[in-house]
Amino acid sequence: MSTVATPGRRKAKAGWNLLGLLVFVVAGFPVYWMLNTAFKPAKDAIDPDPSLLPTGITLSNFSRALDIADFWGPVGRSLIVSLSVVVIGMVVGLLAALAISRFAFRGRKIVIVGILAVQMIPLVAMIIPVFLLLNDLDQYDKLSGLIITYLTFILPFTVWTLRGFIVNIPKELEEAAMVDGCSRTGAFVRVVFPLLAPGLVATSVYGFIQAWNEYLYALMLLSQDHQTATVWLANFTTQHGTEYAPMMAGATMLAVPIVALFLLVQRKMAAGLTAGAVKG
Amino acid sequence: MSAVDTTTPAKVPAPPPDSPQRPRANRRSGGPAVPWLLLAPCLLILALVLGYPLYRLVTLSFQDFGQSQLWGFKPAEWTGFGNFSKVLGDSEFWQVVLRTIVFAAGCVVFTMVVGMLVALLLQRVSGWVKTLVNIALVASWGMPVIVATTVFKWLFDSDYGVLNAVLSKLPGVDMVGHNWFASGPEGLAVIMLLVVWGAIPFVVITLSAGLTQVPQELEEAARLDGAGPWGVFRYVTLPILKPVIVMLTTLSVIWDMGVFPQVFVMRGGHPEAEFQLLTTWSYDRAFVVNDYGQGSAIALLTVLLLLGVVAVYMRQMLKIGEVE
């Protein structure tokens, strides 16, 4: 592209920009409409000819949403489950990721293929045997049971992602430290770990989001009395189907913190996902 | 542009020039047991929560397993291929299979085509438009699936949904009170829109990253040789992006064949016959009809159906992995 902007080229650019704005509106509208409905007075939410612009700001939908069913209980349970899954997943996953990225050993390739393959099994397909297993272990309707189950998708994801971050750290750095007298563990703690820290944070946040968003296992493996946040919102739909304004307030409360967390790590995760893909 | 840009020091210390290969290799291995010790906790957990259920899924699909077996009143009975012949002999099952394949194919094609178009568009717009679009994409990407599903349910509500109101403003269109979920195909089209809307950001952002790696000189050369915009895309851009496209397509197939919560929550926990996909069908057999054997058989058939796609994905990933 030359730097000289001829009138024709400028017109073309304006056309592309217009198309881009259309994409922005279409992609962003559902999010906008959720926020718009959450903050609008309840009577405006049941206007058959709704105004597309905000009609006034109120927090009453939020207090209504908190009244309809216990909100903080489910949120607390979601927090306990997601945090526990992330802590266990990160510790166990980091060890495994180190093994497959920093050691040459027989069977390494099979382990890598296995970890990739199990990520491909649809979770839904596993719900029947997992349900029966937790039933047998007396873990049905217990948070510990749900935590163990979530490891089925968090652990392979963690191992694979951390492996991606570790292989990007030059081995020579560790070797230099060892030449200078560090032990293998010392080299890891002093050289690799600090470089890996941002990757560790990004992976934990992403894993947390995945666990927080999970619905099916939470629905099937916990009773109504112990539901998690996503099940809380989905039940909102079934029991109070017509009260959309409080429902959107509930949706906003669940989505905003998650979207904010996601914004923090998105760039890093996207880069990690594609790093090798194009070069290869 | 790799993930460690911010973490890797600009100057990587060179390895000691004259260190012989052998001692290095020794120090690296540190005994053959170490990697397995590091792997042990991970493999143990996966064997318990994934390996055993997978084994159980296979055995269950060859067993007669219902309510009384669940409570332990009766032992599970082996029925050979009984569950499979029941499932495969059910004409409704084949309808569900066909519906699932059409639905997933629609989702994948729309996701990939629209994703590619948006990625190409983002190369041509001004910086501020690009920023706006990226904000919208990341916000919709980050939305939890359940939240997105409830929002779409609200958008498409028959009485107060904003979509019916806006469409009715168009001349000659009257959508007031239109029920989008009265028929299966129309309702599934709405769900497809929801899936595609949620999947596009990942595709666009990944493809955009890929597009930045396409060398400008190559496109320039093709243009000088007389290739039009389509020619440049078809013969220069597309071949370079192929590995990314293969990866994204296979991932999308796997994800879209596994769509469950969107249908389940949209239909209030009881999808009608016209809305059943393989996943909800398997769930329905197991937890509504209480035939866990048949449910497992359906789930197993779904996994088998996906194996071919998984194989393509794995080959691509291994190719990439070997670059290390």
# chains A, B, ... in the order shown; residues from 1 in each chain; ligands from 1
>>> residues_around(residues="Trp232 in chain A", least_positions_apart="3", cutoff="10 Å", atoms="only C-alpha atoms", output="NGL selection string")
:A and (69-71 or 73-75 or 215 or 219 or 224 or 226-229 or 235-237 or 250)
>>> residues_around(residues="range 130-133 of chain B", least_positions_apart="5", cutoff="7 Å", atoms="only C-alpha atoms", output="MDAnalysis selection string")
(chainID A and resid 20 23:24) or (chainID B and resid 122 125)
>>> write_last_selection(atoms="C-alpha atoms", output="tab-separated table (two decimals), in the first residue's frame")
chain	number	residue	atom	x	y	z
A	20	GLY	CA	-16.32	-2.61	10.23
A	23	VAL	CA	-19.53	-5.80	12.54
A	24	PHE	CA	-18.92	-3.87	15.77
B	122	LEU	CA	-9.92	-5.87	9.94
B	125	VAL	CA	-10.19	-0.66	8.26
>>> select_by_dssp(residues="range 36-275 of chain A", states="helix (DSSP H, G or I)", output="ChimeraX atom specification")
/A:36-39,42-45,60-68,72-102,108-118,123-136,143-167,171-179,184-213,216-221,224-226,229-239,244-275
>>> atom_distance(atom1="CA of Leu137 in chain A", atom2="CA of Arg56 in chain B")
14.2 Å
>>> residues_around(residues="Val49 in chain B", least_positions_apart="3", cutoff="9 Å", atoms="only C-alpha atoms", output="ChimeraX atom specification")
/A:130,133,148-152 /B:44-46,52-54
>>> write_last_selection(atoms="N, CA and C atoms", output="CSV table (one decimal), in the first residue's frame")
chain,number,residue,atom,x,y,z
A,130,VAL,N,-19.3,-40.6,34.8
A,130,VAL,CA,-18.8,-39.8,35.9
A,130,VAL,C,-19.9,-39.7,37.0
A,133,LEU,N,-19.7,-42.9,38.8
A,133,LEU,CA,-18.5,-43.0,39.6
A,133,LEU,C,-18.6,-42.3,40.9
A,148,ILE,N,-12.9,-32.7,41.8
A,148,ILE,CA,-12.2,-33.8,41.1
A,148,ILE,C,-12.6,-33.9,39.6
A,149,THR,N,-13.9,-33.8,39.4
A,149,THR,CA,-14.4,-34.0,38.0
A,149,THR,C,-14.0,-32.9,37.1
A,150,TYR,N,-13.9,-31.7,37.6
A,150,TYR,CA,-13.4,-30.6,36.8
A,150,TYR,C,-12.0,-30.7,36.4
A,151,LEU,N,-11.2,-31.5,37.1
A,151,LEU,CA,-9.8,-31.7,36.7
A,151,LEU,C,-9.8,-32.5,35.4
A,152,THR,N,-10.8,-33.2,35.0
A,152,THR,CA,-10.8,-33.9,33.7
A,152,THR,C,-10.6,-32.9,32.6
B,44,LEU,N,-2.1,-40.2,37.5
B,44,LEU,CA,-3.0,-40.8,38.4
B,44,LEU,C,-4.4,-40.2,38.4
B,45,ILE,N,-4.4,-38.8,38.5
B,45,ILE,CA,-5.7,-38.1,38.5
B,45,ILE,C,-6.5,-38.4,37.2
B,46,LEU,N,-5.8,-38.3,36.1
B,46,LEU,CA,-6.5,-38.5,34.8
B,46,LEU,C,-7.0,-40.0,34.7
B,52,TYR,N,-10.9,-44.2,34.0
B,52,TYR,CA,-11.9,-45.1,34.5
B,52,TYR,C,-13.3,-44.8,33.9
B,53,PRO,N,-13.8,-43.6,33.9
B,53,PRO,CA,-15.1,-43.3,33.3
B,53,PRO,C,-15.1,-43.7,31.9
B,54,LEU,N,-14.0,-43.5,31.1
B,54,LEU,CA,-14.0,-43.9,29.7
B,54,LEU,C,-14.2,-45.4,29.6
>>> residues_around(residues="Glu220 in chain B", least_positions_apart="6", cutoff="12 Å", atoms="only C-alpha atoms", output="JSON, numbers by chain")
{"A": [1, 2], "B": [214, 226, 227, 228, 229, 231, 232, 233, 236, 237]}
>>> write_last_selection(atoms="C-alpha atoms", output="mmCIF file, in the first residue's frame")
data_model
loop_
_atom_site.group_PDB
_atom_site.id
_atom_site.type_symbol
_atom_site.label_atom_id
_atom_site.label_comp_id
_atom_site.auth_asym_id
_atom_site.auth_seq_id
_atom_site.Cartn_x
_atom_site.Cartn_y
_atom_site.Cartn_z
ATOM 1 C CA MET A 1 0.000 0.000 0.000
ATOM 2 C CA SER A 2 1.414 3.401 -0.902
ATOM 3 C CA VAL B 214 1.786 -13.423 5.555
ATOM 4 C CA GLY B 226 -1.552 -9.805 -12.478
ATOM 5 C CA ALA B 227 -3.457 -11.625 -9.728
ATOM 6 C CA GLY B 228 -6.701 -9.978 -8.597
ATOM 7 C CA PRO B 229 -7.710 -9.749 -4.911
ATOM 8 C CA GLY B 231 -6.241 -14.669 -6.789
ATOM 9 C CA VAL B 232 -3.949 -13.236 -4.115
ATOM 10 C CA PHE B 233 -6.172 -14.674 -1.406
ATOM 11 C CA VAL B 236 -0.955 -16.720 -1.535
ATOM 12 C CA THR B 237 -2.855 -16.044 1.693
#
>>> atom_distance(atom1="CA of Val113 in chain A", atom2="CA of Gly199 in chain A")
22.2 Å
>>> closest_residue(among="B:Pro243, B:Gly210, B:Gly66, B:Pro32", to="Gln316 in chain B", atoms="only C-alpha atoms")
B:Pro243
>>> closest_residue(among="A:Ala211, A:Ala260, A:Asp136, A:Leu196", to="Gln69 in chain B", atoms="only C-alpha atoms")
A:Asp136
>>> closest_residue(among="B:Phe181, B:Trp94, B:Phe65, B:Phe275", to="chain A", atoms="only C-alpha atoms")
B:Phe65
>>> residues_around(residues="Phe202 in chain B", least_positions_apart="3", cutoff="9 Å", atoms="only C-alpha atoms", output="ChimeraX atom specification")
/A:270 /B:115,137-138,141,198-199,205-207,248
>>> residues_around(residues="Pro35 in chain B", least_positions_apart="2", cutoff="12 Å", atoms="only C-alpha atoms", output="PyMOL selection string")
(chain A and resi 94-108+111) or (chain B and resi 28-33+37-43)
>>> closest_residue(among="A:Val159, A:Val179, A:Val201, A:Val259", to="chain B", atoms="only C-alpha atoms")
A:Val259
>>> select_by_dssp(residues="range 30-255 of chain B", states="strand (DSSP E)", output="list in words")
Gln63, Asp64, Glu77 and Trp78 of chain B
>>> decode(residues="range 165-254 of chain A", atoms="C-alpha atoms", output="PDB file, in the first residue's frame")
ATOM      1  CA  PHE A 165       5.005 -21.417  27.736  1.00  0.00           C
ATOM      2  CA  ILE A 166       7.912 -23.566  28.955  1.00  0.00           C
ATOM      3  CA  VAL A 167       9.223 -24.556  25.516  1.00  0.00           C
ATOM      4  CA  ASN A 168       9.433 -20.864  24.686  1.00  0.00           C
ATOM      5  CA  ILE A 169      11.967 -20.334  27.470  1.00  0.00           C
ATOM      6  CA  PRO A 170      15.427 -21.116  26.062  1.00  0.00           C
ATOM      7  CA  LYS A 171      17.031 -24.160  27.637  1.00  0.00           C
ATOM      8  CA  GLU A 172      20.363 -22.340  27.438  1.00  0.00           C
ATOM      9  CA  LEU A 173      19.290 -20.042  30.276  1.00  0.00           C
ATOM     10  CA  GLU A 174      18.936 -22.994  32.622  1.00  0.00           C
ATOM     11  CA  GLU A 175      22.133 -24.538  31.360  1.00  0.00           C
ATOM     12  CA  ALA A 176      24.037 -21.324  31.903  1.00  0.00           C
ATOM     13  CA  ALA A 177      22.794 -21.219  35.481  1.00  0.00           C
ATOM     14  CA  MET A 178      23.870 -24.799  36.003  1.00  0.00           C
ATOM     15  CA  VAL A 179      27.295 -24.091  34.557  1.00  0.00           C
ATOM     16  CA  ASP A 180      27.526 -21.279  37.081  1.00  0.00           C
ATOM     17  CA  GLY A 181      26.924 -23.782  39.846  1.00  0.00           C
ATOM     18  CA  CYS A 182      23.174 -23.978  40.292  1.00  0.00           C
ATOM     19  CA  SER A 183      21.550 -27.326  40.884  1.00  0.00           C
ATOM     20  CA  ARG A 184      18.841 -28.393  38.455  1.00  0.00           C
ATOM     21  CA  THR A 185      16.147 -27.408  40.936  1.00  0.00           C
ATOM     22  CA  GLY A 186      17.981 -24.165  41.726  1.00  0.00           C
ATOM     23  CA  ALA A 187      18.155 -23.306  38.050  1.00  0.00           C
ATOM     24  CA  PHE A 188      14.442 -23.889  37.735  1.00  0.00           C
ATOM     25  CA  VAL A 189      13.496 -21.844  40.793  1.00  0.00           C
ATOM     26  CA  ARG A 190      15.830 -18.929  40.041  1.00  0.00           C
ATOM     27  CA  VAL A 191      15.771 -18.780  36.241  1.00  0.00           C
ATOM     28  CA  VAL A 192      12.806 -20.581  34.713  1.00  0.00           C
ATOM     29  CA  PHE A 193      10.179 -19.864  37.324  1.00  0.00           C
ATOM     30  CA  PRO A 194      10.411 -16.038  37.169  1.00  0.00           C
ATOM     31  CA  LEU A 195      10.186 -16.183  33.367  1.00  0.00           C
ATOM     32  CA  LEU A 196       7.260 -18.563  33.579  1.00  0.00           C
ATOM     33  CA  ALA A 197       5.314 -16.555  36.150  1.00  0.00           C
ATOM     34  CA  PRO A 198       3.248 -14.476  33.678  1.00  0.00           C
ATOM     35  CA  GLY A 199       2.341 -17.667  31.810  1.00  0.00           C
ATOM     36  CA  LEU A 200       1.364 -19.310  35.090  1.00  0.00           C
ATOM     37  CA  VAL A 201      -0.888 -16.390  35.969  1.00  0.00           C
ATOM     38  CA  ALA A 202      -2.534 -16.357  32.543  1.00  0.00           C
ATOM     39  CA  THR A 203      -3.111 -20.111  32.604  1.00  0.00           C
ATOM     40  CA  SER A 204      -4.613 -20.022  36.100  1.00  0.00           C
ATOM     41  CA  VAL A 205      -6.952 -17.176  35.224  1.00  0.00           C
ATOM     42  CA  TYR A 206      -8.068 -18.925  32.075  1.00  0.00           C
ATOM     43  CA  GLY A 207      -8.540 -22.196  33.950  1.00  0.00           C
ATOM     44  CA  PHE A 208     -10.530 -20.344  36.610  1.00  0.00           C
ATOM     45  CA  ILE A 209     -12.823 -18.911  33.938  1.00  0.00           C
ATOM     46  CA  GLN A 210     -13.395 -22.341  32.408  1.00  0.00           C
ATOM     47  CA  ALA A 211     -14.264 -23.882  35.765  1.00  0.00           C
ATOM     48  CA  TRP A 212     -16.492 -20.942  36.699  1.00  0.00           C
ATOM     49  CA  ASN A 213     -18.411 -21.184  33.401  1.00  0.00           C
ATOM     50  CA  GLU A 214     -19.019 -24.935  33.520  1.00  0.00           C
ATOM     51  CA  TYR A 215     -22.690 -25.855  33.592  1.00  0.00           C
ATOM     52  CA  LEU A 216     -23.504 -29.482  32.814  1.00  0.00           C
ATOM     53  CA  TYR A 217     -21.411 -31.201  35.508  1.00  0.00           C
ATOM     54  CA  ALA A 218     -22.509 -28.648  38.084  1.00  0.00           C
ATOM     55  CA  LEU A 219     -26.129 -29.305  37.173  1.00  0.00           C
ATOM     56  CA  MET A 220     -25.840 -33.078  37.259  1.00  0.00           C
ATOM     57  CA  LEU A 221     -23.464 -33.666  40.155  1.00  0.00           C
ATOM     58  CA  LEU A 222     -24.909 -31.256  42.731  1.00  0.00           C
ATOM     59  CA  SER A 223     -28.461 -31.114  44.058  1.00  0.00           C
ATOM     60  CA  GLN A 224     -30.642 -28.007  43.843  1.00  0.00           C
ATOM     61  CA  ASP A 225     -29.595 -26.979  47.357  1.00  0.00           C
ATOM     62  CA  HIS A 226     -25.953 -26.816  46.370  1.00  0.00           C
ATOM     63  CA  GLN A 227     -26.144 -25.260  42.939  1.00  0.00           C
ATOM     64  CA  THR A 228     -23.315 -23.162  41.485  1.00  0.00           C
ATOM     65  CA  ALA A 229     -23.547 -19.723  39.880  1.00  0.00           C
ATOM     66  CA  THR A 230     -24.160 -20.882  36.292  1.00  0.00           C
ATOM     67  CA  VAL A 231     -26.900 -23.265  37.419  1.00  0.00           C
ATOM     68  CA  TRP A 232     -28.403 -20.415  39.442  1.00  0.00           C
ATOM     69  CA  LEU A 233     -28.660 -18.289  36.305  1.00  0.00           C
ATOM     70  CA  ALA A 234     -30.009 -21.113  34.141  1.00  0.00           C
ATOM     71  CA  ASN A 235     -32.686 -21.920  36.743  1.00  0.00           C
ATOM     72  CA  PHE A 236     -33.641 -18.271  36.756  1.00  0.00           C
ATOM     73  CA  THR A 237     -34.738 -18.943  33.201  1.00  0.00           C
ATOM     74  CA  THR A 238     -36.906 -21.921  33.988  1.00  0.00           C
ATOM     75  CA  GLN A 239     -38.624 -20.699  37.133  1.00  0.00           C
ATOM     76  CA  HIS A 240     -39.080 -16.997  36.457  1.00  0.00           C
ATOM     77  CA  GLY A 241     -39.091 -17.094  32.681  1.00  0.00           C
ATOM     78  CA  THR A 242     -40.913 -13.823  32.275  1.00  0.00           C
ATOM     79  CA  GLU A 243     -38.795 -11.666  34.589  1.00  0.00           C
ATOM     80  CA  TYR A 244     -36.157 -10.801  32.062  1.00  0.00           C
ATOM     81  CA  ALA A 245     -34.897  -7.562  33.582  1.00  0.00           C
ATOM     82  CA  PRO A 246     -33.723  -9.172  36.882  1.00  0.00           C
ATOM     83  CA  MET A 247     -32.405 -12.094  34.861  1.00  0.00           C
ATOM     84  CA  MET A 248     -30.223  -9.752  32.807  1.00  0.00           C
ATOM     85  CA  ALA A 249     -29.094  -8.146  36.072  1.00  0.00           C
ATOM     86  CA  GLY A 250     -28.058 -11.625  37.249  1.00  0.00           C
ATOM     87  CA  ALA A 251     -26.369 -12.296  33.919  1.00  0.00           C
ATOM     88  CA  THR A 252     -24.476  -9.005  34.255  1.00  0.00           C
ATOM     89  CA  MET A 253     -23.273  -9.883  37.741  1.00  0.00           C
ATOM     90  CA  LEU A 254     -21.909 -13.213  36.502  1.00  0.00           C
TER      91      LEU A 254
END
